[in-house]
>>> print(open('model-v5.cif').read())   # mmCIF, C-alpha atoms
data_entry
loop_
_atom_site.label_atom_id
_atom_site.label_comp_id
_atom_site.auth_asym_id
_atom_site.auth_seq_id
_atom_site.Cartn_x
_atom_site.Cartn_y
_atom_site.Cartn_z
CA MET V 1 0.00 0.00 0.00
CA GLU V 2 2.86 2.33 0.85
CA ASN V 3 4.45 2.05 -2.60
CA LEU V 4 1.22 2.79 -4.42
CA TYR V 5 0.47 5.61 -2.01
CA ASN V 6 3.84 7.24 -2.74
CA GLU V 7 3.48 6.67 -6.47
CA THR V 8 0.04 8.30 -6.46
CA LYS V 9 1.17 11.29 -4.41
CA ASN V 10 4.19 11.78 -6.70
CA ILE V 11 2.03 11.70 -9.83
CA MET V 12 -0.44 14.16 -8.32
CA LYS V 13 2.41 16.49 -7.34
CA LYS V 14 4.16 16.22 -10.71
CA TYR V 15 1.05 17.12 -12.69
CA GLY V 16 -0.53 19.44 -10.15
CA ILE V 17 -3.55 17.19 -9.80
CA TYR V 18 -6.23 17.41 -7.17
CA ALA V 19 -9.20 15.08 -6.89
CA ASN V 20 -12.18 16.63 -8.66
CA LYS V 21 -15.18 16.23 -6.35
CA SER V 22 -17.62 17.15 -9.13
CA LEU V 23 -16.34 14.14 -11.10
CA GLY V 24 -16.42 11.88 -8.06
CA GLN V 25 -12.66 11.34 -8.05
CA ASN V 26 -11.02 9.36 -5.25
CA PHE V 27 -7.69 7.82 -6.15
CA LEU V 28 -7.15 4.18 -5.16
CA ILE V 29 -3.92 3.59 -3.21
CA ASP V 30 -4.40 0.02 -1.92
CA GLU V 31 -2.39 -2.51 -3.93
CA ASN V 32 -4.39 -5.42 -2.52
CA VAL V 33 -7.64 -3.93 -3.78
CA VAL V 34 -6.13 -3.31 -7.22
CA GLU V 35 -4.90 -6.90 -7.36
CA THR V 36 -8.29 -8.24 -6.26
CA ILE V 37 -10.16 -6.26 -8.92
CA VAL V 38 -7.86 -7.39 -11.71
CA ASN V 39 -7.80 -11.03 -10.59
CA SER V 40 -11.58 -11.13 -10.15
CA ALA V 41 -12.04 -9.98 -13.74
CA ASN V 42 -10.17 -13.10 -14.95
CA ILE V 43 -8.38 -11.20 -17.69
CA THR V 44 -6.34 -13.00 -20.37
CA ASN V 45 -4.40 -11.91 -23.45
CA GLU V 46 -7.46 -12.79 -25.53
CA ASP V 47 -9.58 -10.12 -23.83
CA LEU V 48 -10.52 -6.59 -24.77
CA VAL V 49 -10.81 -4.59 -21.56
CA ILE V 50 -12.65 -1.29 -21.43
CA GLU V 51 -11.78 0.73 -18.35
CA ILE V 52 -14.17 3.54 -17.43
CA GLY V 53 -12.66 6.50 -15.59
CA PRO V 54 -9.02 5.36 -15.30
CA GLY V 55 -7.94 8.58 -13.59
CA LEU V 56 -4.21 8.39 -12.85
CA GLY V 57 -3.94 4.90 -14.33
CA THR V 58 -3.64 2.83 -11.15
CA LEU V 59 -5.84 0.01 -12.45
CA THR V 60 -4.72 0.62 -16.03
CA LYS V 61 -1.14 -0.29 -15.19
CA GLU V 62 -2.15 -3.79 -14.05
CA LEU V 63 -4.76 -4.32 -16.76
CA LEU V 64 -2.15 -3.67 -19.46
CA LYS V 65 -0.05 -6.53 -18.11
CA LYS V 66 -2.79 -9.08 -18.71
CA ALA V 67 -5.21 -7.94 -21.40
CA GLY V 68 -4.85 -8.25 -25.14
CA LYS V 69 -6.04 -4.67 -25.50
CA VAL V 70 -7.05 -1.96 -23.03
CA ILE V 71 -9.14 1.04 -24.00
CA CYS V 72 -9.78 3.75 -21.42
CA ILE V 73 -12.72 6.14 -21.43
CA GLU V 74 -11.83 9.26 -19.45
CA LEU V 75 -13.86 12.45 -19.23
CA ASP V 76 -11.32 14.58 -17.33
CA THR V 77 -8.94 16.17 -19.86
CA LYS V 78 -6.33 16.69 -17.13
CA MET V 79 -5.88 12.92 -16.91
CA LEU V 80 -5.13 12.45 -20.61
CA LYS V 81 -1.52 13.64 -20.50
CA ILE V 82 -0.84 11.55 -17.40
CA LEU V 83 -2.15 8.41 -19.10
CA GLN V 84 -0.29 9.15 -22.33
CA ASP V 85 2.96 9.81 -20.46
CA ARG V 86 2.69 6.72 -18.28
CA PHE V 87 1.66 4.16 -20.88
CA GLU V 88 2.71 3.51 -24.46
CA ASN V 89 0.18 2.25 -26.99
CA LEU V 90 -2.76 2.96 -24.67
CA GLU V 91 -5.87 4.17 -26.45
CA VAL V 92 -7.80 6.75 -24.46
CA ILE V 93 -11.20 8.11 -25.45
CA ASN V 94 -11.80 11.57 -23.99
CA GLU V 95 -15.57 11.37 -23.71
CA ASP V 96 -18.49 10.88 -21.35
CA VAL V 97 -18.99 7.11 -21.31
CA LEU V 98 -22.77 7.62 -21.47
CA LYS V 99 -22.30 9.16 -24.92
CA VAL V 100 -19.91 6.56 -26.32
CA ASN V 101 -21.17 4.01 -28.85
CA LEU V 102 -19.85 1.02 -26.95
CA GLU V 103 -21.43 -1.53 -29.27
CA GLU V 104 -19.48 -0.21 -32.26
CA LEU V 105 -16.32 0.25 -30.21
CA ILE V 106 -16.34 -3.34 -28.96
CA ARG V 107 -17.16 -4.81 -32.36
CA LYS V 108 -14.35 -2.94 -34.12
CA GLN V 109 -11.72 -3.56 -31.46
CA LYS V 110 -12.43 -7.28 -31.17
CA HIS V 111 -12.13 -7.60 -34.94
CA ILE V 112 -9.01 -5.44 -35.34
CA ASN V 113 -7.13 -7.11 -32.50
CA SER V 114 -8.54 -10.64 -33.00
CA LEU V 115 -9.84 -10.79 -29.44
CA LYS V 116 -12.42 -13.30 -28.22
CA LYS V 117 -14.04 -11.56 -25.26
CA ALA V 118 -14.75 -8.07 -23.96
CA LYS V 119 -14.86 -7.12 -20.30
CA ILE V 120 -15.55 -3.93 -18.36
CA VAL V 121 -13.34 -3.03 -15.41
CA ALA V 122 -13.64 0.22 -13.50
CA ASN V 123 -13.53 2.21 -10.30
CA LEU V 124 -16.77 3.97 -11.19
CA PRO V 125 -17.60 7.56 -10.25
CA TYR V 126 -20.20 7.04 -7.54
CA TYR V 127 -22.47 9.88 -8.61
CA ILE V 128 -23.26 8.24 -11.98
CA THR V 129 -22.91 4.56 -11.11
CA THR V 130 -26.51 3.66 -11.86
CA PRO V 131 -26.72 5.28 -15.34
CA ILE V 132 -23.44 3.62 -16.34
CA ILE V 133 -24.49 0.17 -15.10
CA MET V 134 -27.86 0.47 -16.83
CA LYS V 135 -26.22 1.55 -20.10
CA LEU V 136 -23.90 -1.46 -19.99
CA LEU V 137 -26.80 -3.83 -19.37
CA GLU V 138 -29.64 -2.37 -21.44
CA GLU V 139 -27.59 -1.96 -24.60
CA LYS V 140 -26.99 -5.75 -24.55
CA LEU V 141 -23.36 -5.31 -25.39
CA ASP V 142 -21.09 -8.15 -26.42
CA ILE V 143 -19.35 -8.28 -23.05
CA GLU V 144 -18.75 -11.19 -20.71
CA SER V 145 -18.48 -9.42 -17.38
CA ILE V 146 -18.47 -6.10 -15.51
CA THR V 147 -16.08 -5.85 -12.55
CA VAL V 148 -16.45 -2.53 -10.76
CA MET V 149 -15.89 -0.77 -7.49
CA ILE V 150 -18.93 1.21 -6.42
CA GLN V 151 -20.57 2.68 -3.33
CA LYS V 152 -21.42 -0.12 -0.88
CA GLU V 153 -25.02 1.03 -0.49
CA VAL V 154 -25.50 0.66 -4.25
CA ALA V 155 -23.63 -2.65 -4.27
CA ASP V 156 -26.09 -3.99 -1.70
CA ARG V 157 -29.03 -3.15 -4.00
CA LEU V 158 -27.37 -4.58 -7.09
CA THR V 159 -26.48 -7.93 -5.57
CA VAL V 160 -29.61 -8.93 -3.61
CA ILE V 161 -32.25 -11.23 -5.04
CA PRO V 162 -35.31 -9.30 -6.33
CA GLY V 163 -38.06 -9.21 -3.74
CA GLU V 164 -35.64 -9.38 -0.81
CA LYS V 165 -34.94 -6.53 1.60
CA LEU V 166 -32.91 -3.68 0.01
CA SER V 167 -34.34 -4.42 -3.45
CA GLY V 168 -34.72 -1.42 -5.74
CA ALA V 169 -35.88 -1.10 -9.32
CA ILE V 170 -32.29 -1.56 -10.49
CA THR V 171 -32.09 -4.86 -8.61
CA TYR V 172 -34.56 -6.40 -11.03
CA SER V 173 -32.73 -5.06 -14.07
CA VAL V 174 -29.38 -6.40 -12.90
CA TYR V 175 -30.87 -9.80 -12.07
CA TYR V 176 -32.57 -9.94 -15.48
CA TYR V 177 -29.36 -9.30 -17.39
CA ALA V 178 -26.66 -10.75 -15.14
CA THR V 179 -25.68 -12.76 -12.10
CA ALA V 180 -24.14 -10.56 -9.42
CA GLN V 181 -21.60 -11.30 -6.74
CA LYS V 182 -19.83 -9.31 -4.06
CA ILE V 183 -16.05 -9.50 -4.24
CA LEU V 184 -14.54 -7.24 -1.60
CA GLU V 185 -15.56 -4.49 0.81
CA VAL V 186 -13.07 -1.63 0.58
CA THR V 187 -12.15 0.60 3.51
CA ASN V 188 -12.20 4.38 3.17
CA ASN V 189 -8.46 4.68 3.81
CA SER V 190 -7.83 2.81 0.55
CA PHE V 191 -8.28 6.14 -1.26
CA ILE V 192 -6.97 9.67 -1.33
CA PRO V 193 -8.89 11.68 -0.50
CA GLU V 194 -10.95 9.34 1.67
CA PRO V 195 -14.57 9.15 0.48
CA GLU V 196 -17.39 9.74 2.93
CA VAL V 197 -19.11 6.50 1.92
CA LYS V 198 -18.06 2.86 2.04
CA SER V 199 -17.06 1.08 -1.16
CA GLU V 200 -17.35 -2.43 -2.52
CA VAL V 201 -16.08 -4.39 -5.51
CA ILE V 202 -18.73 -6.42 -7.32
CA LYS V 203 -18.78 -8.52 -10.45
CA LEU V 204 -21.66 -8.93 -12.89
CA ASN V 205 -21.50 -11.91 -15.22
CA LEU V 206 -23.75 -11.31 -18.20
CA ARG V 207 -26.36 -13.99 -18.75
CA LYS V 208 -26.56 -15.83 -22.05
CA GLU V 209 -30.28 -16.30 -21.45
CA THR V 210 -32.62 -14.25 -19.29
CA PRO V 211 -34.02 -16.03 -16.19
CA ILE V 212 -37.62 -15.34 -17.20
CA LYS V 213 -39.58 -15.12 -20.43
CA VAL V 214 -41.49 -11.91 -20.96
CA ASP V 215 -43.35 -10.69 -24.03
CA ASP V 216 -42.33 -7.03 -23.69
CA GLU V 217 -39.15 -6.01 -21.85
CA LYS V 218 -39.96 -2.30 -22.00
CA LEU V 219 -43.36 -2.83 -20.41
CA LEU V 220 -41.84 -5.09 -17.76
CA PHE V 221 -39.37 -2.46 -16.61
CA LYS V 222 -41.97 0.30 -16.90
CA ILE V 223 -44.15 -1.60 -14.44
CA ILE V 224 -41.23 -2.20 -12.08
CA LYS V 225 -40.20 1.45 -12.24
CA LEU V 226 -43.74 2.58 -11.44
CA ALA V 227 -43.90 0.24 -8.46
CA PHE V 228 -40.70 1.67 -6.99
CA MET V 229 -41.48 5.30 -7.72
CA GLN V 230 -44.29 4.89 -5.21
CA ARG V 231 -42.85 2.09 -3.11
CA ARG V 232 -44.83 3.03 0.02
CA LYS V 233 -48.05 2.40 -1.88
CA THR V 234 -49.55 -0.96 -2.72
CA LEU V 235 -48.99 -2.33 -6.20
CA VAL V 236 -52.65 -1.65 -6.97
CA ASN V 237 -52.28 2.07 -6.28
CA ALA V 238 -48.92 2.32 -8.04
CA LEU V 239 -50.27 0.71 -11.22
CA SER V 240 -53.50 2.67 -11.21
CA ASN V 241 -51.60 5.95 -10.87
CA GLY V 242 -49.34 4.93 -13.74
CA ASN V 243 -52.17 4.28 -16.20
CA ILE V 244 -50.94 0.77 -16.92
CA LEU V 245 -54.52 -0.51 -16.77
CA LYS V 246 -57.79 1.40 -17.12
CA ASN V 247 -59.02 1.04 -13.56
CA LYS V 248 -58.44 -0.68 -10.25
CA GLU V 249 -61.03 -3.33 -11.03
CA GLN V 250 -58.82 -4.62 -13.83
CA ILE V 251 -55.81 -4.63 -11.54
CA TYR V 252 -57.70 -6.56 -8.85
CA GLN V 253 -58.85 -9.03 -11.52
CA MET V 254 -55.27 -9.52 -12.66
CA LEU V 255 -53.91 -10.07 -9.15
CA GLN V 256 -56.69 -12.51 -8.35
CA GLU V 257 -56.04 -14.56 -11.48
CA LEU V 258 -52.30 -14.56 -10.82
CA GLN V 259 -52.86 -15.42 -7.15
CA ILE V 260 -50.97 -12.37 -5.90
CA ASP V 261 -51.95 -10.66 -2.63
CA GLU V 262 -54.02 -7.54 -3.36
CA LYS V 263 -52.25 -5.64 -0.57
CA ILE V 264 -48.72 -6.44 -1.74
CA ARG V 265 -46.20 -3.68 -2.39
CA GLY V 266 -44.04 -3.67 -5.47
CA GLU V 267 -40.81 -4.24 -3.56
CA ALA V 268 -42.06 -7.64 -2.35
CA LEU V 269 -42.68 -9.08 -5.81
CA THR V 270 -40.26 -11.44 -7.51
CA LEU V 271 -39.05 -10.88 -11.06
CA GLU V 272 -41.11 -13.88 -12.09
CA GLN V 273 -44.26 -12.24 -10.72
CA TYR V 274 -43.52 -9.02 -12.59
CA ALA V 275 -43.12 -11.09 -15.76
CA GLU V 276 -46.48 -12.76 -15.11
CA ILE V 277 -48.11 -9.35 -14.66
CA THR V 278 -46.54 -8.05 -17.86
CA ASN V 279 -47.60 -11.07 -19.90
CA TRP V 280 -51.10 -10.96 -18.41
CA ILE V 281 -51.56 -7.31 -19.43
CA ILE V 282 -50.32 -8.01 -22.96
CA ASN V 283 -52.46 -11.11 -23.44
CA LYS V 284 -55.62 -9.79 -21.80
CA PHE V 285 -55.70 -6.26 -23.11
CA ILE V 286 -53.05 -5.28 -25.61
CA LEU V 287 -53.48 -8.33 -27.85
CA GLU V 288 -57.26 -8.09 -27.67
CA LYS V 289 -57.32 -4.54 -29.10
#
>>> encode(input="model-v5.cif", output="structure tokens")
Amino acid sequence: MENLYNETKNIMKKYGIYANKSLGQNFLIDENVVETIVNSANITNEDLVIEIGPGLGTLTKELLKKAGKVICIELDTKMLKILQDRFENLEVINEDVLKVNLEELIRKQKHINSLKKAKIVANLPYYITTPIIMKLLEEKLDIESITVMIQKEVADRLTVIPGEKLSGAITYSVYYYATAQKILEVTNNSFIPEPEVKSEVIKLNLRKETPIKVDDEKLLFKIIKLAFMQRRKTLVNALSNGNILKNKEQIYQMLQELQIDEKIRGEALTLEQYAEITNWIINKFILEK
């Protein structure tokens, strides 16, 4: 830890760098955490690795030793010179990752470099963790896994089983697209400056097949989102306020036929039950029109 700490402080001093709070920057200085992240990603020389927010290049340095190709996406222009000075033949995209066409990037790079798999590795900016994770999942990219360090509170929501305590709308999305596992809880003194929140490394392995069959993915996640926007209300009230069905009588009919408690809240439903609700609505009403 001491070596990486000194290296980080020296780089910051050399380039006059300070952590940018608006970009959620906290520089990792724990060698054990770096090693755990890289090892957990199971990187080989046949892999394309996309690192989001490399910062000073702490993770980048180790990724380059194992991957066939590493591409970094970095928004902060002050980090570009540092990365270019530290590493030869490193491709850096100076862009907001949410605006990058990752599908095209992955396809081209795998072809050009004759690589078999693509993986995401990152110490994600905590303030935009959810949009980044959802982009990576919803775009159905040709990636095998996502190994990231994120805020522990978010990690807890991403890794629980839908319907369990701590479930949020994103829990269902993650479970639909991937299997999630916790890797390592990271102490605050593993960074400079120390963040005010706890951190955790998690890994998402993308599913080859979804765990449930649903006739309309967009409707499924619209229903889930509505349920969690008004999570203190029963599912009946949440759906009626969201204009998913015409009236409460239809919702009660649906729940009765699906044998779901009329007083249940959205957070208590399993993904399978949400799929049943979605398919029921499509078959009973949408297809009949």
>>> resolve_selection(input="model-v5.cif", expression="the PyMOL selection byres ((chain V and resi 150) around 12)", output="PyMOL selection string")
chain V and resi 24+26+37+121-130+132-133+146-149+151-159+182-186+195+197-203
>>> residues_around(input="model-v5.cif", residues="stretch 264-279 of chain V", least_positions_apart="5", cutoff="6 Å", atoms="only C-alpha atoms", output="MDAnalysis selection string")
chainID V and resid 162:163 214:215 220 227 234:235
>>> closest_residue(input="model-v5.cif", among="V:Ile82, V:Leu136, V:Glu88, V:Ile73", to="V:Glu103", atoms="all atoms listed in the file")
V:Leu136
>>> atom_distance(input="model-v5.cif", atom1="atom CA of V:Val49", atom2="atom CA of V:Ala118")
5.8 Å
>>> atom_distance(input="model-v5.cif", atom1="atom CA of V:Ala178", atom2="atom CA of V:Phe221")
15.2 Å
>>> closest_residue(input="model-v5.cif", among="V:Ile224, V:Leu83, V:Gly57, V:Asp76", to="V:Thr171", atoms="all atoms listed in the file")
V:Ile224
>>> atom_distance(input="model-v5.cif", atom1="atom CA of V:Ala19", atom2="atom CA of V:Val70")
23.6 Å
>>> residues_near_point(input="model-v5.cif", point="(-7.4, 3.5, -28.4)", cutoff="10 Å", atoms="all atoms listed in the file", output="CSV table (one decimal) with C-alpha atoms, in the coordinates of the input")
chain,number,residue,atom,x,y,z
V,50,ILE,CA,-12.6,-1.3,-21.4
V,69,LYS,CA,-6.0,-4.7,-25.5
V,70,VAL,CA,-7.0,-2.0,-23.0
V,71,ILE,CA,-9.1,1.0,-24.0
V,72,CYS,CA,-9.8,3.8,-21.4
V,73,ILE,CA,-12.7,6.1,-21.4
V,89,ASN,CA,0.2,2.2,-27.0
V,90,LEU,CA,-2.8,3.0,-24.7
V,91,GLU,CA,-5.9,4.2,-26.4
V,92,VAL,CA,-7.8,6.8,-24.5
V,93,ILE,CA,-11.2,8.1,-25.4
V,105,LEU,CA,-16.3,0.2,-30.2
V,109,GLN,CA,-11.7,-3.6,-31.5
>>> closest_residue(input="model-v5.cif", among="V:Ile192, V:Leu102, V:Ile17, V:Ile244", to="V:Leu4", atoms="only C-alpha atoms")
V:Ile192
>>> closest_residue(input="model-v5.cif", among="V:Thr8, V:Asn32, V:Asn20, V:Gln256", to="V:Thr187", atoms="all atoms listed in the file")
V:Asn32
>>> closest_residue(input="model-v5.cif", among="V:Met134, V:Ala180, V:Leu80, V:Val174", to="V:Asn94", atoms="all atoms listed in the file")
V:Leu80
>>> closest_residue(input="model-v5.cif", among="V:Arg107, V:Lys14, V:Lys116, V:Lys140", to="V:Lys81", atoms="all atoms listed in the file")
V:Lys14
>>> residues_around(input="model-v5.cif", residues="V:Tyr176", least_positions_apart="3", cutoff="7 Å", atoms="only C-alpha atoms", output="ChimeraX atom specification")
/V:172-173,210-211
>>> axis_aligned_box(input="model-v5.cif", around="stretch 24-37 of chain V", padding_each_side="3 Å", output="lines of an AutoDock Vina configuration file")
center_x = -9.4
center_y = 1.8
center_z = -5.4
size_x = 20.0
size_y = 26.1
size_z = 13.0
>>> resolve_selection(input="model-v5.cif", expression="the PyMOL selection byres ((chain V and resi 66) around 10)", output="count of residues only")
18
>>> resolve_selection(input="model-v5.cif", expression="the PyMOL selection byres ((chain V and resi 251) around 10)", output="PyMOL selection string")
chain V and resi 235-237+239-240+244-250+252-257+262+277+281
